[in-house]
Every structure is written in C-alpha cells, then in structure tokens.
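One file, upload_26.pdb, carrying PDB, C-alpha atoms, pLDDT in the B column:
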```pdb
ATOM      1  CA  MET O   1       8.706   6.986 -10.691  1.00 44.00           C
ATOM      2  CA  LEU O   2       6.009   4.440  -9.969  1.00 46.00           C
ATOM      3  CA  VAL O   3       6.495   2.841 -13.357  1.00 46.00           C
ATOM      4  CA  PHE O   4      10.228   2.436 -12.841  1.00 46.00           C
ATOM      5  CA  SER O   5       9.658   1.157  -9.303  1.00 46.00           C
ATOM      6  CA  ILE O   6       7.168  -1.427 -10.491  1.00 46.00           C
ATOM      7  CA  LEU O   7       9.447  -2.594 -13.257  1.00 47.00           C
ATOM      8  CA  ASP O   8      12.412  -2.858 -10.889  1.00 52.00           C
ATOM      9  CA  ILE O   9      12.654  -6.239  -9.214  1.00 45.00           C
ATOM     10  CA  ASP O  10      16.141  -6.390  -7.760  1.00 45.00           C
ATOM     11  CA  SER O  11      15.743  -3.830  -4.964  1.00 45.00           C
ATOM     12  CA  ARG O  12      12.217  -4.683  -3.882  1.00 47.00           C
ATOM     13  CA  SER O  13      13.097  -6.401  -0.621  1.00 47.00           C
ATOM     14  CA  THR O  14      15.341  -3.674   0.770  1.00 47.00           C
ATOM     15  CA  ASP O  15      13.157  -0.780  -0.374  1.00 48.00           C
ATOM     16  CA  THR O  16       9.937  -2.264   0.955  1.00 47.00           C
ATOM     17  CA  THR O  17      11.363  -3.278   4.315  1.00 49.00           C
ATOM     18  CA  CYS O  18      13.206  -0.017   4.927  1.00 54.00           C
ATOM     19  CA  SER O  19      10.319   2.267   3.953  1.00 53.00           C
ATOM     20  CA  ILE O  20       7.642   0.815   6.232  1.00 55.00           C
ATOM     21  CA  PRO O  21       9.044   1.706   9.722  1.00 63.00           C
ATOM     22  CA  PRO O  22       9.839   5.374   8.891  1.00 65.00           C
ATOM     23  CA  GLU O  23       6.429   5.864   7.269  1.00 61.00           C
ATOM     24  CA  SER O  24       4.726   4.386  10.337  1.00 67.00           C
ATOM     25  CA  VAL O  25       6.622   6.729  12.659  1.00 75.00           C
ATOM     26  CA  ILE O  26       5.838   9.727  10.446  1.00 70.00           C
ATOM     27  CA  ALA O  27       2.142   8.800  10.436  1.00 71.00           C
ATOM     28  CA  LEU O  28       2.134   8.700  14.245  1.00 78.00           C
ATOM     29  CA  VAL O  29       3.921  12.067  14.396  1.00 79.00           C
ATOM     30  CA  TRP O  30       1.371  13.680  12.100  1.00 73.00           C
ATOM     31  CA  ALA O  31      -1.524  12.205  14.076  1.00 78.00           C
ATOM     32  CA  ALA O  32      -0.088  13.616  17.303  1.00 84.00           C
ATOM     33  CA  ALA O  33       0.666  16.960  15.632  1.00 81.00           C
ATOM     34  CA  GLY O  34      -2.879  17.220  14.323  1.00 83.00           C
ATOM     35  CA  VAL O  35      -4.486  16.649  17.710  1.00 84.00           C
ATOM     36  CA  SER O  36      -2.068  18.936  19.584  1.00 86.00           C
ATOM     37  CA  PHE O  37      -2.337  21.734  16.986  1.00 88.00           C
ATOM     38  CA  TYR O  38      -6.135  21.834  16.849  1.00 89.00           C
ATOM     39  CA  GLY O  39      -6.692  20.852  20.489  1.00 86.00           C
ATOM     40  CA  THR O  40      -9.238  18.045  20.072  1.00 84.00           C
ATOM     41  CA  THR O  41      -9.999  15.304  17.592  1.00 80.00           C
ATOM     42  CA  GLN O  42     -13.345  16.969  16.884  1.00 85.00           C
ATOM     43  CA  LEU O  43     -11.653  20.201  15.767  1.00 86.00           C
ATOM     44  CA  LEU O  44      -9.164  18.155  13.745  1.00 83.00           C
ATOM     45  CA  ASN O  45     -12.004  16.373  11.965  1.00 82.00           C
ATOM     46  CA  GLU O  46     -13.627  19.731  11.231  1.00 85.00           C
ATOM     47  CA  ALA O  47     -10.370  20.981   9.733  1.00 84.00           C
ATOM     48  CA  LEU O  48     -10.023  17.826   7.631  1.00 79.00           C
ATOM     49  CA  LYS O  49     -13.315  18.627   5.925  1.00 78.00           C
ATOM     50  CA  GLY O  50     -11.415  21.335   4.086  1.00 76.00           C
ATOM     51  CA  GLY O  51      -8.956  18.746   2.823  1.00 72.00           C
ATOM     52  CA  ALA O  52      -5.913  17.012   4.247  1.00 73.00           C
ATOM     53  CA  SER O  53      -3.580  19.253   2.237  1.00 73.00           C
ATOM     54  CA  ASN O  54      -4.921  22.357   3.992  1.00 79.00           C
ATOM     55  CA  VAL O  55      -4.380  20.732   7.388  1.00 83.00           C
ATOM     56  CA  VAL O  56      -0.788  19.823   6.488  1.00 79.00           C
ATOM     57  CA  TYR O  57      -0.140  23.400   5.334  1.00 80.00           C
ATOM     58  CA  GLU O  58      -1.628  24.984   8.477  1.00 85.00           C
ATOM     59  CA  ILE O  59       0.270  22.705  10.867  1.00 83.00           C
ATOM     60  CA  SER O  60       3.567  22.954   8.999  1.00 81.00           C
ATOM     61  CA  THR O  61       3.617  26.726   8.619  1.00 84.00           C
ATOM     62  CA  GLY O  62       2.005  27.359  12.006  1.00 85.00           C
ATOM     63  CA  VAL O  63       4.543  25.297  13.932  1.00 81.00           C
ATOM     64  CA  LEU O  64       7.693  25.592  11.823  1.00 80.00           C
ATOM     65  CA  GLY O  65       7.211  28.857   9.992  1.00 84.00           C
ATOM     66  CA  MET O  66       7.319  29.315   6.244  1.00 80.00           C
ATOM     67  CA  PHE O  67      10.757  27.761   5.591  1.00 80.00           C
ATOM     68  CA  GLY O  68      10.257  24.809   7.915  1.00 74.00           C
ATOM     69  CA  GLY O  69       6.756  24.400   6.583  1.00 75.00           C
ATOM     70  CA  ILE O  70       8.061  24.042   3.039  1.00 79.00           C
ATOM     71  CA  LEU O  71      10.474  21.316   4.164  1.00 75.00           C
ATOM     72  CA  ALA O  72       7.709  19.480   6.051  1.00 73.00           C
ATOM     73  CA  ILE O  73       5.320  19.684   3.105  1.00 72.00           C
ATOM     74  CA  ALA O  74       8.061  18.348   0.811  1.00 75.00           C
ATOM     75  CA  GLY O  75       8.409  15.393   3.165  1.00 71.00           C
ATOM     76  CA  VAL O  76       4.668  14.828   3.079  1.00 72.00           C
ATOM     77  CA  ILE O  77       4.788  14.734  -0.717  1.00 75.00           C
ATOM     78  CA  ILE O  78       7.693  12.278  -0.744  1.00 76.00           C
ATOM     79  CA  CYS O  79       6.028   9.830   1.666  1.00 71.00           C
ATOM     80  CA  PRO O  80       2.980   9.125  -0.530  1.00 73.00           C
ATOM     81  CA  ILE O  81       5.318   8.570  -3.474  1.00 78.00           C
ATOM     82  CA  THR O  82       7.303   5.950  -1.548  1.00 77.00           C
ATOM     83  CA  SER O  83       4.064   4.426  -0.251  1.00 75.00           C
ATOM     84  CA  GLY O  84       2.696   4.199  -3.783  1.00 80.00           C
ATOM     85  CA  ASP O  85       5.983   2.736  -4.935  1.00 82.00           C
ATOM     86  CA  THR O  86       5.800   0.040  -2.253  1.00 82.00           C
ATOM     87  CA  ALA O  87       2.102  -0.657  -2.797  1.00 83.00           C
ATOM     88  CA  PHE O  88       2.307  -1.048  -6.584  1.00 88.00           C
ATOM     89  CA  ARG O  89       5.444  -3.152  -6.393  1.00 87.00           C
ATOM     90  CA  SER O  90       3.968  -5.423  -3.725  1.00 86.00           C
ATOM     91  CA  ALA O  91       0.765  -5.810  -5.724  1.00 89.00           C
ATOM     92  CA  ARG O  92       2.734  -6.692  -8.840  1.00 90.00           C
ATOM     93  CA  LEU O  93       4.763  -9.332  -7.029  1.00 89.00           C
ATOM     94  CA  ILE O  94       1.680 -10.858  -5.397  1.00 89.00           C
ATOM     95  CA  LEU O  95      -0.078 -11.123  -8.759  1.00 91.00           C
ATOM     96  CA  SER O  96       3.019 -12.526 -10.434  1.00 91.00           C
ATOM     97  CA  GLU O  97       3.248 -15.296  -7.850  1.00 91.00           C
ATOM     98  CA  SER O  98      -0.487 -15.998  -8.061  1.00 90.00           C
ATOM     99  CA  PHE O  99      -0.426 -16.360 -11.853  1.00 90.00           C
ATOM    100  CA  ASN O 100       3.093 -17.856 -12.045  1.00 90.00           C
ATOM    101  CA  LEU O 101       4.436 -15.072 -14.241  1.00 89.00           C
ATOM    102  CA  ASP O 102       8.225 -14.884 -14.228  1.00 89.00           C
ATOM    103  CA  GLN O 103       9.173 -11.263 -13.543  1.00 85.00           C
ATOM    104  CA  LYS O 104      12.584 -11.493 -15.177  1.00 86.00           C
ATOM    105  CA  LYS O 105      10.924 -10.793 -18.520  1.00 86.00           C
ATOM    106  CA  ILE O 106       9.878  -7.197 -19.239  1.00 88.00           C
ATOM    107  CA  LYS O 107       6.834  -8.486 -21.102  1.00 89.00           C
ATOM    108  CA  ASN O 108       5.482 -10.208 -17.998  1.00 89.00           C
ATOM    109  CA  ARG O 109       6.174  -7.160 -15.851  1.00 89.00           C
ATOM    110  CA  LEU O 110       4.258  -4.917 -18.235  1.00 91.00           C
ATOM    111  CA  LEU O 111       1.430  -7.448 -18.378  1.00 91.00           C
ATOM    112  CA  ILE O 112       0.783  -6.761 -14.689  1.00 92.00           C
ATOM    113  CA  THR O 113       2.055  -3.181 -14.441  1.00 91.00           C
ATOM    114  CA  ILE O 114      -0.224  -1.615 -17.043  1.00 92.00           C
ATOM    115  CA  PRO O 115      -3.521  -2.896 -15.525  1.00 93.00           C
ATOM    116  CA  LEU O 116      -2.325  -1.936 -12.038  1.00 92.00           C
ATOM    117  CA  LEU O 117      -1.506   1.608 -13.101  1.00 91.00           C
ATOM    118  CA  SER O 118      -4.848   1.810 -14.904  1.00 93.00           C
ATOM    119  CA  VAL O 119      -6.699   0.897 -11.707  1.00 92.00           C
ATOM    120  CA  GLY O 120      -4.633   3.448  -9.789  1.00 90.00           C
ATOM    121  CA  GLY O 121      -5.448   6.078 -12.390  1.00 91.00           C
ATOM    122  CA  LEU O 122      -9.180   5.354 -12.174  1.00 94.00           C
ATOM    123  CA  LEU O 123      -9.120   5.625  -8.384  1.00 90.00           C
ATOM    124  CA  THR O 124      -7.236   8.921  -8.633  1.00 88.00           C
ATOM    125  CA  TRP O 125      -9.740  10.212 -11.177  1.00 93.00           C
ATOM    126  CA  PHE O 126     -12.629   9.249  -8.877  1.00 91.00           C
ATOM    127  CA  ALA O 127     -10.974  10.958  -5.907  1.00 86.00           C
ATOM    128  CA  ILE O 128     -10.504  14.174  -7.889  1.00 87.00           C
ATOM    129  CA  THR O 129     -13.856  14.378  -9.680  1.00 90.00           C
ATOM    130  CA  ASN O 130     -16.054  13.282  -6.748  1.00 87.00           C
ATOM    131  CA  ASP O 131     -16.538  15.744  -3.880  1.00 81.00           C
ATOM    132  CA  ASN O 132     -16.111  13.004  -1.271  1.00 82.00           C
ATOM    133  CA  GLY O 133     -14.093  10.688  -3.492  1.00 85.00           C
ATOM    134  CA  PHE O 134     -10.935  10.723  -1.418  1.00 81.00           C
ATOM    135  CA  GLN O 135     -12.831  10.161   1.837  1.00 82.00           C
ATOM    136  CA  ILE O 136     -14.753   7.227   0.334  1.00 87.00           C
ATOM    137  CA  ILE O 137     -11.601   5.573  -1.004  1.00 88.00           C
ATOM    138  CA  TRP O 138      -9.802   6.207   2.281  1.00 83.00           C
ATOM    139  CA  ARG O 139     -12.578   4.548   4.293  1.00 88.00           C
ATOM    140  CA  TYR O 140     -12.504   1.493   2.029  1.00 90.00           C
ATOM    141  CA  PHE O 141      -8.738   1.388   2.375  1.00 87.00           C
ATOM    142  CA  SER O 142      -8.938   1.622   6.168  1.00 87.00           C
ATOM    143  CA  TRP O 143     -11.488  -1.187   6.323  1.00 92.00           C
ATOM    144  CA  SER O 144      -9.526  -3.431   3.963  1.00 91.00           C
ATOM    145  CA  ASN O 145      -6.374  -2.768   5.982  1.00 88.00           C
ATOM    146  CA  GLN O 146      -8.082  -3.851   9.215  1.00 91.00           C
ATOM    147  CA  THR O 147      -9.613  -6.858   7.472  1.00 93.00           C
ATOM    148  CA  LEU O 148      -6.191  -7.866   6.178  1.00 91.00           C
ATOM    149  CA  ALA O 149      -4.841  -7.635   9.730  1.00 90.00           C
ATOM    150  CA  MET O 150      -7.686  -9.865  10.916  1.00 94.00           C
ATOM    151  CA  ILE O 151      -6.946 -12.459   8.223  1.00 94.00           C
ATOM    152  CA  ALA O 152      -3.228 -12.398   9.059  1.00 92.00           C
ATOM    153  CA  LEU O 153      -4.025 -12.999  12.740  1.00 93.00           C
ATOM    154  CA  TRP O 154      -6.300 -15.952  11.934  1.00 94.00           C
ATOM    155  CA  VAL O 155      -3.676 -17.425   9.592  1.00 92.00           C
ATOM    156  CA  SER O 156      -1.051 -17.096  12.332  1.00 90.00           C
ATOM    157  CA  THR O 157      -3.441 -18.711  14.794  1.00 91.00           C
ATOM    158  CA  ALA O 158      -4.099 -21.621  12.441  1.00 90.00           C
ATOM    159  CA  TYR O 159      -0.370 -22.127  11.967  1.00 89.00           C
ATOM    160  CA  LEU O 160       0.307 -22.193  15.717  1.00 88.00           C
ATOM    161  CA  VAL O 161      -2.525 -24.663  16.303  1.00 87.00           C
ATOM    162  CA  LYS O 162      -1.345 -26.891  13.466  1.00 85.00           C
ATOM    163  CA  GLU O 163       2.188 -27.018  14.864  1.00 81.00           C
ATOM    164  CA  GLY O 164       0.812 -28.600  18.027  1.00 72.00           C
ATOM    165  CA  LYS O 165       3.434 -27.499  20.525  1.00 71.00           C
ATOM    166  CA  TYR O 166       2.376 -23.856  20.088  1.00 71.00           C
ATOM    167  CA  ARG O 167      -1.339 -24.424  20.715  1.00 72.00           C
ATOM    168  CA  PHE O 168      -1.559 -22.279  23.851  1.00 79.00           C
ATOM    169  CA  ALA O 169       0.599 -19.589  22.293  1.00 84.00           C
ATOM    170  CA  SER O 170      -2.071 -19.336  19.586  1.00 88.00           C
ATOM    171  CA  LEU O 171      -4.221 -17.450  22.105  1.00 90.00           C
ATOM    172  CA  ILE O 172      -1.864 -14.514  21.629  1.00 91.00           C
ATOM    173  CA  THR O 173      -3.115 -14.194  18.055  1.00 92.00           C
ATOM    174  CA  GLY O 174      -6.527 -15.863  18.439  1.00 93.00           C
ATOM    175  CA  VAL O 175      -7.970 -13.307  20.870  1.00 94.00           C
ATOM    176  CA  PRO O 176      -6.934 -10.248  18.782  1.00 93.00           C
ATOM    177  CA  ALA O 177      -8.158 -12.048  15.656  1.00 94.00           C
ATOM    178  CA  ALA O 178     -11.630 -12.446  17.163  1.00 95.00           C
ATOM    179  CA  PHE O 179     -11.656  -8.801  18.261  1.00 95.00           C
ATOM    180  CA  MET O 180     -10.594  -7.600  14.804  1.00 94.00           C
ATOM    181  CA  ALA O 181     -13.269  -9.798  13.241  1.00 95.00           C
ATOM    182  CA  ALA O 182     -15.905  -8.036  15.339  1.00 95.00           C
ATOM    183  CA  VAL O 183     -14.542  -4.603  14.385  1.00 94.00           C
ATOM    184  CA  SER O 184     -14.222  -5.304  10.644  1.00 94.00           C
ATOM    185  CA  ILE O 185     -17.596  -7.015  10.276  1.00 96.00           C
ATOM    186  CA  THR O 186     -19.443  -4.416  12.363  1.00 95.00           C
ATOM    187  CA  TYR O 187     -17.998  -1.494  10.428  1.00 94.00           C
ATOM    188  CA  ILE O 188     -18.770  -2.749   6.924  1.00 94.00           C
ATOM    189  CA  LEU O 189     -22.306  -3.644   7.984  1.00 95.00           C
ATOM    190  CA  MET O 190     -23.138  -0.202   9.418  1.00 94.00           C
ATOM    191  CA  ALA O 191     -21.048   2.093   7.204  1.00 91.00           C
ATOM    192  CA  ASP O 192     -22.715   4.111   4.454  1.00 88.00           C
ATOM    193  CA  GLU O 193     -20.179   2.762   1.969  1.00 86.00           C
ATOM    194  CA  GLY O 194     -20.977  -0.749   3.213  1.00 90.00           C
ATOM    195  CA  PHE O 195     -24.395  -2.301   3.787  1.00 93.00           C
ATOM    196  CA  GLY O 196     -25.847   0.652   5.726  1.00 92.00           C
ATOM    197  CA  LEU O 197     -27.543  -1.446   8.419  1.00 94.00           C
ATOM    198  CA  SER O 198     -28.582   0.001  11.749  1.00 94.00           C
ATOM    199  CA  ARG O 199     -25.964   0.285  14.469  1.00 92.00           C
ATOM    200  CA  ASN O 200     -27.662  -2.182  16.836  1.00 95.00           C
ATOM    201  CA  ILE O 201     -28.044  -4.879  14.180  1.00 96.00           C
ATOM    202  CA  SER O 202     -24.441  -4.380  13.042  1.00 95.00           C
ATOM    203  CA  TYR O 203     -23.143  -4.676  16.601  1.00 95.00           C
ATOM    204  CA  ILE O 204     -25.093  -7.880  17.174  1.00 96.00           C
ATOM    205  CA  ILE O 205     -23.968  -9.524  13.928  1.00 96.00           C
ATOM    206  CA  GLY O 206     -20.365  -8.452  14.461  1.00 96.00           C
ATOM    207  CA  PHE O 207     -20.329  -9.732  18.050  1.00 96.00           C
ATOM    208  CA  VAL O 208     -21.998 -13.038  17.170  1.00 97.00           C
ATOM    209  CA  SER O 209     -19.636 -13.548  14.214  1.00 96.00           C
ATOM    210  CA  ALA O 210     -16.567 -12.946  16.380  1.00 95.00           C
ATOM    211  CA  ILE O 211     -17.833 -15.275  19.129  1.00 96.00           C
ATOM    212  CA  THR O 212     -18.645 -17.957  16.550  1.00 96.00           C
ATOM    213  CA  LEU O 213     -15.152 -17.745  15.072  1.00 95.00           C
ATOM    214  CA  PHE O 214     -13.523 -17.858  18.492  1.00 95.00           C
ATOM    215  CA  ILE O 215     -15.606 -20.847  19.613  1.00 94.00           C
ATOM    216  CA  SER O 216     -14.700 -22.633  16.377  1.00 93.00           C
ATOM    217  CA  TYR O 217     -11.065 -21.933  17.161  1.00 91.00           C
ATOM    218  CA  LEU O 218     -11.442 -23.375  20.677  1.00 90.00           C
ATOM    219  CA  ILE O 219     -13.176 -26.508  19.336  1.00 90.00           C
ATOM    220  CA  ILE O 220     -10.310 -27.063  16.890  1.00 86.00           C
ATOM    221  CA  GLN O 221      -7.892 -26.563  19.780  1.00 83.00           C
ATOM    222  CA  VAL O 222      -9.583 -29.267  21.858  1.00 80.00           C
ATOM    223  CA  ARG O 223      -9.821 -31.713  18.943  1.00 81.00           C
ATOM    224  CA  LYS O 224      -6.201 -31.129  18.080  1.00 72.00           C
ATOM    225  CA  LYS O 225      -5.209 -31.878  21.656  1.00 65.00           C
ATOM    226  CA  THR O 226      -7.135 -35.155  21.754  1.00 59.00           C
TER     227      THR O 226
END
```

Please go through the file and, once you have read it, give me the structure as structure tokens.
Amino acid sequence: MLVFSILDIDSRSTDTTCSIPPESVIALVWAAAGVSFYGTTQLLNEALKGGASNVVYEISTGVLGMFGGILAIAGVIICPITSGDTAFRSARLILSESFNLDQKKIKNRLLITIPLLSVGGLLTWFAITNDNGFQIIWRYFSWSNQTLAMIALWVSTAYLVKEGKYRFASLITGVPAAFMAAVSITYILMADEGFGLSRNISYIIGFVSAITLFISYLIIQVRKKT
C-alpha cells in the first residue's frame, strides 16, 4: 500500500489534509484512555514497558469486550498505515521539490521511492531486532517533531517581522518559538540518545540558547521599526 501511495501523485493533497485531523483526535482519545484505564501515567508507563501492542489489547478488550476490542485494534492497525502513507508521500514530494525532479515520470518517482522505502525498512529492522529499538526511534521522532515545530514558529515569526505591519503580531509566534527552542535543545543535550549531559548543564544551555534567540528577535524587531 505504501508503494502505491508513494507513487500516486494526484490525490496527495486531499488524502494528506483529510487524514491529519482524525489521526490527531484518535491519538488524544488513546492518550486519555490509557491514563483513565491504568489510573496514573506512572502505571501507564509501566504497562508500556511490555509493548504498546499489549496496552492497546488490554484497553480495547477491557473496555469494549472481545468484539469491540477487535474493531478497535483494527482501527489502530489502519491508522499507522495511513500515517506511513502520508509520511512517505510527503517525504517524496519534499525531496522532489528540493532536487527539482518532475514527479509525472515514473522513473523519477522510483528514484526517490526506493531509497525512502529502504530507509523505512532499515528503521523497522532496527526496531524489531533491538530490545529498545522502537523506544529509541520513537524518542528521536518525538524530538525531531518538536524541533520541526520550533523551526516552523521561528519561520512564521521571521515572516511576520519582515512584513512590517505584523511586527507586534509576531510575538504570538516568537514567544512559543523561544519556549520550544529551550525544550528541544535541553532534551537533546540531556537525553541518553542525545549528548548525555547532566540535567543542570542542559537546563542552563537550553535556557541561555532560548533567551539569546529571543533577544536576537527583539533586536531585529527594533531595527526593523527604525
């Protein structure tokens, strides 16, 4: 399915846009279900050590019974497929625009699709063969997701400042951007899969980095005004 989704270019806009909101709502539902079913986040984390699939099975069958549990589990299986579909397709389109490869030709689609699927296969292999493989990949994904959000906020801030008449509105994105910078930088510095620095040093560097970025933003604001 992923191969056909990657090679399909005509329906990308509708599929991608329509799949994101439902998946976000479903993720929130499962997060709430996990906490309410196990009672506390600590107990949920303990249960997750046995694997996310076991948690899904226990919640689904415990709340909905066997039949309802089967339907819920089927939904859980479908969601990652649609997420993978969206992720691979988006990655292909980003790379095609970066390297100016026209995607109307099957040859150019395969030129990007095959390496992408190979990387996905290697990550899957690592997640299966390594005891903590999935957790490691998931933590990297979470950090990269937050870092992407930080970059998007700074880009939006730069755009608002550049437009001139939206300078003060740029605070709406500038303040969250600085906060996300502190979070992203601090995490990768102190995490075991990152640089493994001490918590105090990571907090200091993350805080100073965020303040530096925000002050730079304010200086550009003032210069732009004058």

Any idea what's packed within 12 Å of O:Leu171, counting only C-alpha atoms, ignoring anything in its chain fewer than 6 positions away? Could you give it as a PDB file with C-alpha atoms, in the frame of the given file?
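What ended up in result.pdb:
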```
ATOM      1  CA  LEU O 153      -4.025 -12.999  12.740  1.00 93.00           C
ATOM      2  CA  TRP O 154      -6.300 -15.952  11.934  1.00 94.00           C
ATOM      3  CA  SER O 156      -1.051 -17.096  12.332  1.00 90.00           C
ATOM      4  CA  THR O 157      -3.441 -18.711  14.794  1.00 91.00           C
ATOM      5  CA  ALA O 158      -4.099 -21.621  12.441  1.00 90.00           C
ATOM      6  CA  TYR O 159      -0.370 -22.127  11.967  1.00 89.00           C
ATOM      7  CA  LEU O 160       0.307 -22.193  15.717  1.00 88.00           C
ATOM      8  CA  VAL O 161      -2.525 -24.663  16.303  1.00 87.00           C
ATOM      9  CA  ALA O 177      -8.158 -12.048  15.656  1.00 94.00           C
ATOM     10  CA  ALA O 178     -11.630 -12.446  17.163  1.00 95.00           C
ATOM     11  CA  PHE O 214     -13.523 -17.858  18.492  1.00 95.00           C
ATOM     12  CA  TYR O 217     -11.065 -21.933  17.161  1.00 91.00           C
ATOM     13  CA  LEU O 218     -11.442 -23.375  20.677  1.00 90.00           C
ATOM     14  CA  GLN O 221      -7.892 -26.563  19.780  1.00 83.00           C
TER      15      GLN O 221
END
```

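Taking atom CA of O:Leu197 as the reference point, atom CA of O:Ser142 is found at 19.0 Å.
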
As a check of understanding: the span from atom CA of O:Asp102 to atom CA of O:Ile81 is 26.0 Å

Would you kindly return, as a ChimeraX atom specification, each protein, DNA or RNA residue with an atom no farther than 12 Å from any atom of O:Pro115, considering all atoms listed in the file and excluding same-chain residues fewer than 6 positions away? /O:3,6,88,91-92,95,108-109,121-122

Once the PyMOL selection byres ((chain O and resi 184) around 9) is applied to the coordinates I shared, what remains selected? I want it as JSON, numbers by chain. {"O": [143, 144, 146, 147, 150, 179, 180, 181, 182, 183, 185, 186, 187, 188, 189, 206]}

Just give me the gap between atom CA of O:Leu213 and atom CA of O:Val175 in Å, one decimal is fine. 10.2 Å

Hey, which of O:Ala33, O:Ile151, O:Val25, O:Cys79 ends up closest to O:Val63? Count all atoms listed in the file.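 For O:Val63, the nearest of the candidates is O:Ala33.
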
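Each of O:Val29, O:Lys49, O:Ala87, O:Asn100 was compared to O:Leu117 using all atoms listed in the file, and O:Ala87 turns out to be the nearest.
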
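Contact shell of stretch 38-41 of chain O at 12 Å (all atoms listed in the file; same-chain neighbours under 5 positions omitted): Ala31, Ala32, Ala33, Glu46, Ala47, Leu48, Val55, Val56, Glu58, Ile59, Gly62 and Val63 of chain O.
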
Using all atoms listed in the file, determine which residues lie at most 12 Å from O:Ala127, disregarding the query and same-chain residues fewer than 5 positions distant; provide the list as a PyMOL selection string. chain O and resi 51+120-122+132-138

Using all atoms of stretch 95-102 of chain O that appear in the file, construct an axis-aligned enclosing box with 8 Å of padding on every side and provide its centre coordinates and edge lengths in Å, rounded to one decimal, as lines of an AutoDock Vina configuration file.
```
center_x = 3.9
center_y = -14.5
center_z = -11.0
size_x = 24.7
size_y = 22.7
size_z = 22.4
```
